[in-house]
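S.K.: Handing you a structure now.
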Amino acid sequence: MTKTTTHTITLNNGVRIPWLAFGTGTALYGRNAAEFVRVAIENGITHLDGAQAYANEDTLGAGIKASGKSRSELFIVTKLKSSFPGKTIKQTLEESLNKLGVDYVDLFLIHDPTPARKEGKLKEWWKAMEAVQKEGLVKSIGVSNFTVQDLKEVLDGAEIVPAVNQIELHPYVWKAAEPIVNFNKQHGIVTASYGGQTPVARVQGGPIDEVLERIRERLEKTRGQPVTSGQVLSKWLLQKGAIVVTTTSKSERYMTLRKQERNCIRGFSCSMFSVNER
Ligand SMILES: NC(=O)C1=CN([C@@H]2O[C@H](COP(=O)(O)OP(=O)(O)OC[C@H]3O[C@@H](n4cnc5c(N)ncnc54)[C@H](O)[C@@H]3O)[C@@H](O)[C@H]2O)C=CC1
Ligand SMILES: O=CCc1c[nH]c2ccccc12
C-alpha cells in the first residue's frame, strides 16, 4: 500500500497542509476527474485542489469516495466561484459539500477577487467566509489571486487572517509575485502555487531553459538518478516556501509518493511527473 504523503506546511491556525496538491482545474476542467483523483490518492497524494468553477466537484467527490480513504486522511480544497446570483456564499458552499460528498472542506478559498473588488465587496465576502468557518463548514479559509492591496483591504478589520493565498508562481512571474509572496510570509499567510510547470509545459524555449537544463544535469549527476526539469521547478517552489498545486491528465505520469517523499525529505526536488517526463 502506498504510504501517504506526510510532508506538510503548518497554516496560521495550526492546521497542517500537505505540500503537494493534485488539482482538478486546467487539464481536468469540466471533465470527469474521478479516476485521476482516485489514482492520485492511490499514489499517496492527500491534498486535492478543487473549485466550484471547475464544473467537476461531483467527480472529485466520486474519486475521493472511490479511493476508500477516510475523510480525516484527506485535505480537500474548494474555491468560491466569481458569480452566484441569488445565493449566499454559504449556500454555494453547501452545494459544494453536497457534490463532494463531505460534511466539511479543509480549505475554502475566494477564487478570484476581481468581481468583489470591482463592487467594493471584498470585506463583505471575507466576513461571509469567516462565518462559514465559525459554523464548522470549513476548517480554514483563504484566498486566491489576491494582490497585496486586496490582502491589505481584507486584513483591515478581519477576525481571521487568510490561511492561504493561492497564486500563479514560477520563475517567469517571480518579479511580480515576489512582493505578494513576501507579504504573505510577513502576515502568516501560506503561499500556494499554481502554474509551476509553465516553463516546461507552456513556454518552451524561454530564457530559463538553459539554466534549468544545467541544474537538471547537475542534480542528475550528483544524485545518480534521472531528474526532470519539472522536478527542478517543483524544488524551486518548495524553496520559496510554497505549496505545489499541480496536475496531470496522464495518470501514467505519477511517481509514487514514497519516492517523492523520500527525495523531498533529502532536499531533492520532487514532482508528480515520472522521471521520463520531457
Ligand atoms: N487558483 C487559481 O486561479 C488557479 C488554480 N489552479 C489549480 O492548479 C492546478 C495546476 O495548475 P496547472 O497550471 O495545470 O499546473 P502546472 O503548471 O503544474 O502544469 C501541470 C500541467 O503541465 C503538464 N506538464 C508537466 N510537465 C510537462 C512537460 N515536461 N511537458 C509538457 N507538459 C508538462 C502536465 O501534464 C499538466 O497538464 C489546476 O489543476 C488547478 O487545480 C490552476 C490555475 C489557476
Ligand atoms: O483555477 C483555474 C483558473 C480559473 C480562475 N477562475 C476560473 C473560473 C473558471 C475556470 C477556471 C478558472
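Residue numbering restarts at 1 for every chain of the C-alpha cells, chains are lettered A, B, ... in their displayed order, and ligands are numbered from 1 as they appear.
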Run DSSP on the backbone of this structure and report the residues of region 26-149 of chain A it assigns to alpha helix (DSSP H), as number ranges by chain.

M.R.: A: 34-42, 57-67, 89-100, 114-118, 122-134, 148-149

S.K.: Go through chain A and flag each residue having an atom no more than 8 Å from ligand 2; for those, report the closest pair of atoms plus their distance in Å to one decimal, using only C-alpha atoms and all ligand atoms, ordered by chain and rising number, as a Markdown table.

M.R.:
```
| residue | atom | partner | partner_atom_place_in_ligand_line | distance |
| --- | --- | --- | --- | --- |
| A:Gly25 | CA | ligand 2 | 2 (C) | 5.4 |
| A:Thr26 | CA | ligand 2 | 2 (C) | 6.0 |
| A:Tyr29 | CA | ligand 2 | 10 (C) | 7.0 |
| A:Ala51 | CA | ligand 2 | 1 (O) | 7.1 |
| A:Ala53 | CA | ligand 2 | 9 (C) | 4.5 |
| A:Tyr54 | CA | ligand 2 | 10 (C) | 5.3 |
| A:Lys81 | CA | ligand 2 | 8 (C) | 6.9 |
| A:Ser82 | CA | ligand 2 | 8 (C) | 7.3 |
| A:His111 | CA | ligand 2 | 6 (N) | 6.2 |
| A:Asp112 | CA | ligand 2 | 6 (N) | 6.1 |
```

S.K.: So that I have them on file, write out the residues from the current selection with N, CA and C atoms, as a tab-separated table (two decimals), in the first residue's frame.

M.R.:
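See again-v6.tsv below for the written result:
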```tsv
chain	number	residue	atom	x	y	z
A	25	GLY	N	-8.49	21.57	-11.80
A	25	GLY	CA	-8.79	22.61	-12.78
A	25	GLY	C	-7.95	22.35	-14.03
A	26	THR	N	-7.65	23.37	-14.80
A	26	THR	CA	-6.83	23.30	-16.03
A	26	THR	C	-7.07	22.00	-16.81
A	29	TYR	N	-10.43	20.54	-16.16
A	29	TYR	CA	-11.56	21.46	-16.10
A	29	TYR	C	-12.76	20.92	-16.88
A	51	ALA	N	-12.58	23.40	-7.20
A	51	ALA	CA	-13.21	24.73	-7.25
A	51	ALA	C	-14.62	24.59	-7.79
A	53	ALA	N	-15.87	26.53	-9.78
A	53	ALA	CA	-15.81	26.94	-11.20
A	53	ALA	C	-15.30	25.84	-12.11
A	54	TYR	N	-14.72	24.78	-11.54
A	54	TYR	CA	-14.15	23.74	-12.40
A	54	TYR	C	-15.19	22.79	-12.95
A	81	LYS	N	-16.90	30.44	-6.39
A	81	LYS	CA	-16.98	30.93	-7.77
A	81	LYS	C	-17.19	32.44	-7.77
A	82	SER	N	-16.97	33.04	-8.95
A	82	SER	CA	-16.96	34.51	-9.01
A	82	SER	C	-18.35	35.11	-9.03
A	111	HIS	N	-11.88	32.41	-5.01
A	111	HIS	CA	-11.12	32.01	-6.20
A	111	HIS	C	-10.49	33.21	-6.90
A	112	ASP	N	-11.28	34.28	-7.03
A	112	ASP	CA	-10.83	35.43	-7.82
A	112	ASP	C	-11.41	36.70	-7.18
```

S.K.: Under the rule that only C-alpha atoms and all ligand atoms are counted, which of A:Glu178, A:Glu124, A:Glu135, A:Asp49 is the nearest residue to ligand 1?

M.R.: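 Nearest candidate to ligand 1 out of A:Glu178, A:Glu124, A:Glu135, A:Asp49: A:Asp49.
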
S.K.: Do you know which residues are within 7 Å of ligand 1 using only C-alpha atoms and all ligand atoms? Can you write them as a ChimeraX atom specification?

M.R.: /A:22-28,49-50,111-112,144-145,166-168,194-198,200-201,229-230,245-250,273,277-278

S.K.: Could you dump the residues just selected with N, CA and C atoms as an mmCIF file, in the first residue's frame?

M.R.:
```
data_model
loop_
_atom_site.group_PDB
_atom_site.id
_atom_site.type_symbol
_atom_site.label_atom_id
_atom_site.label_comp_id
_atom_site.auth_asym_id
_atom_site.auth_seq_id
_atom_site.Cartn_x
_atom_site.Cartn_y
_atom_site.Cartn_z
ATOM 1 N N PHE A 22 -3.004 17.759 -5.798
ATOM 2 C CA PHE A 22 -3.468 17.379 -7.129
ATOM 3 C C PHE A 22 -4.622 18.291 -7.495
ATOM 4 N N GLY A 23 -4.487 19.018 -8.586
ATOM 5 C CA GLY A 23 -5.500 19.982 -8.989
ATOM 6 C C GLY A 23 -6.491 19.409 -9.982
ATOM 7 N N THR A 24 -7.753 19.855 -9.864
ATOM 8 C CA THR A 24 -8.799 19.369 -10.782
ATOM 9 C C THR A 24 -9.272 20.468 -11.728
ATOM 10 N N GLY A 25 -8.485 21.574 -11.801
ATOM 11 C CA GLY A 25 -8.787 22.607 -12.784
ATOM 12 C C GLY A 25 -7.949 22.348 -14.031
ATOM 13 N N THR A 26 -7.650 23.373 -14.796
ATOM 14 C CA THR A 26 -6.829 23.295 -16.035
ATOM 15 C C THR A 26 -7.070 21.995 -16.809
ATOM 16 N N ALA A 27 -6.106 21.050 -16.716
ATOM 17 C CA ALA A 27 -6.206 19.851 -17.562
ATOM 18 C C ALA A 27 -7.495 19.062 -17.335
ATOM 19 N N LEU A 28 -8.084 19.209 -16.143
ATOM 20 C CA LEU A 28 -9.289 18.411 -15.840
ATOM 21 C C LEU A 28 -10.547 19.278 -15.780
ATOM 22 N N ASP A 49 -7.125 19.759 -4.835
ATOM 23 C CA ASP A 49 -7.492 21.154 -5.095
ATOM 24 C C ASP A 49 -8.632 21.224 -6.100
ATOM 25 N N GLY A 50 -9.799 21.659 -5.610
ATOM 26 C CA GLY A 50 -10.956 21.778 -6.490
ATOM 27 C C GLY A 50 -11.482 23.202 -6.502
ATOM 28 N N HIS A 111 -11.876 32.407 -5.006
ATOM 29 C CA HIS A 111 -11.124 32.008 -6.195
ATOM 30 C C HIS A 111 -10.491 33.209 -6.899
ATOM 31 N N ASP A 112 -11.279 34.279 -7.034
ATOM 32 C CA ASP A 112 -10.827 35.432 -7.819
ATOM 33 C C ASP A 112 -11.413 36.699 -7.180
ATOM 34 N N SER A 144 -7.319 33.449 -3.235
ATOM 35 C CA SER A 144 -6.540 33.085 -4.405
ATOM 36 C C SER A 144 -6.476 34.276 -5.344
ATOM 37 N N ASN A 145 -5.320 34.460 -5.959
ATOM 38 C CA ASN A 145 -5.129 35.565 -6.913
ATOM 39 C C ASN A 145 -5.290 36.937 -6.270
ATOM 40 N N GLN A 166 -3.446 31.449 -2.839
ATOM 41 C CA GLN A 166 -3.013 30.610 -3.964
ATOM 42 C C GLN A 166 -2.811 31.486 -5.201
ATOM 43 N N ILE A 167 -1.578 31.525 -5.700
ATOM 44 C CA ILE A 167 -1.251 32.417 -6.821
ATOM 45 C C ILE A 167 -0.432 31.676 -7.873
ATOM 46 N N GLU A 168 -0.389 32.272 -9.067
ATOM 47 C CA GLU A 168 0.480 31.732 -10.109
ATOM 48 C C GLU A 168 1.921 31.978 -9.680
ATOM 49 N N TYR A 194 0.231 27.757 -8.251
ATOM 50 C CA TYR A 194 -0.249 27.016 -9.417
ATOM 51 C C TYR A 194 0.552 27.490 -10.626
ATOM 52 N N GLY A 195 0.520 26.679 -11.690
ATOM 53 C CA GLY A 195 1.249 27.068 -12.900
ATOM 54 C C GLY A 195 2.741 26.829 -12.809
ATOM 55 N N GLY A 196 3.171 26.100 -11.798
ATOM 56 C CA GLY A 196 4.601 25.926 -11.538
ATOM 57 C C GLY A 196 5.380 25.271 -12.663
ATOM 58 N N GLN A 197 4.679 24.520 -13.506
ATOM 59 C CA GLN A 197 5.365 23.826 -14.609
ATOM 60 C C GLN A 197 5.356 24.653 -15.899
ATOM 61 N N THR A 198 4.883 25.890 -15.811
ATOM 62 C CA THR A 198 4.754 26.720 -17.023
ATOM 63 C C THR A 198 6.005 26.734 -17.896
ATOM 64 N N VAL A 200 8.126 24.582 -18.603
ATOM 65 C CA VAL A 200 8.312 23.356 -19.410
ATOM 66 C C VAL A 200 7.016 22.924 -20.087
ATOM 67 N N ALA A 201 5.883 23.349 -19.543
ATOM 68 C CA ALA A 201 4.601 22.874 -20.084
ATOM 69 C C ALA A 201 3.980 23.830 -21.083
ATOM 70 N N SER A 229 13.190 18.438 -15.521
ATOM 71 C CA SER A 229 13.104 19.895 -15.324
ATOM 72 C C SER A 229 11.919 20.241 -14.433
ATOM 73 N N GLY A 230 10.863 19.431 -14.552
ATOM 74 C CA GLY A 230 9.696 19.657 -13.699
ATOM 75 C C GLY A 230 10.030 19.491 -12.236
ATOM 76 N N VAL A 245 0.709 23.129 -6.194
ATOM 77 C CA VAL A 245 -0.539 22.608 -6.749
ATOM 78 C C VAL A 245 -0.300 22.310 -8.229
ATOM 79 N N THR A 246 -0.322 21.053 -8.568
ATOM 80 C CA THR A 246 -0.062 20.676 -9.952
ATOM 81 C C THR A 246 -1.079 19.643 -10.386
ATOM 82 N N THR A 247 -0.950 19.158 -11.592
ATOM 83 C CA THR A 247 -1.918 18.159 -12.047
ATOM 84 C C THR A 247 -1.343 17.429 -13.243
ATOM 85 N N THR A 248 -2.019 16.419 -13.681
ATOM 86 C CA THR A 248 -1.707 15.808 -14.956
ATOM 87 C C THR A 248 -2.945 15.051 -15.411
ATOM 88 N N SER A 249 -3.142 15.034 -16.717
ATOM 89 C CA SER A 249 -4.288 14.263 -17.232
ATOM 90 C C SER A 249 -3.797 12.901 -17.717
ATOM 91 N N LYS A 250 -2.495 12.633 -17.457
ATOM 92 C CA LYS A 250 -1.918 11.339 -17.878
ATOM 93 C C LYS A 250 -1.495 10.586 -16.627
ATOM 94 N N PHE A 273 5.544 14.179 -11.710
ATOM 95 C CA PHE A 273 5.744 13.607 -13.036
ATOM 96 C C PHE A 273 6.824 12.562 -13.031
ATOM 97 N N GLU A 277 9.556 12.195 -17.787
ATOM 98 C CA GLU A 277 8.893 13.396 -18.278
ATOM 99 C C GLU A 277 9.878 14.266 -19.049
ATOM 100 N N ARG A 278 9.585 14.623 -20.269
ATOM 101 C CA ARG A 278 10.467 15.540 -21.004
ATOM 102 C C ARG A 278 9.635 16.670 -21.615
#
```

S.K.: Would you mind writing down, as an MDAnalysis selection string, each residue of region 19-60 of chain A that DSSP on the backbone assigns to strand (DSSP E)?

M.R.: chainID A and resid 20:23 47:49

S.K.: Could you name the residues that touch region 155-164 of chain A at 12 Å or less, counting only C-alpha atoms, but leaving out those on the same chain fewer than 6 positions away, as a count of residues only?

M.R.: 57

S.K.: Of the candidates A:Ala55, A:Pro226, A:His47, A:Leu20, which shows the shortest atom-to-atom distance to Asn32 (chain A), using only C-alpha atoms?

M.R.: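 Nearest to Asn32 (chain A): A:Ala55.
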
S.K.: Which of these, A:Val232, A:Ala33, A:Asn56, A:Glu94, has the shortest distance to Arg218 (chain A) once you count only C-alpha atoms?

M.R.: A:Val232
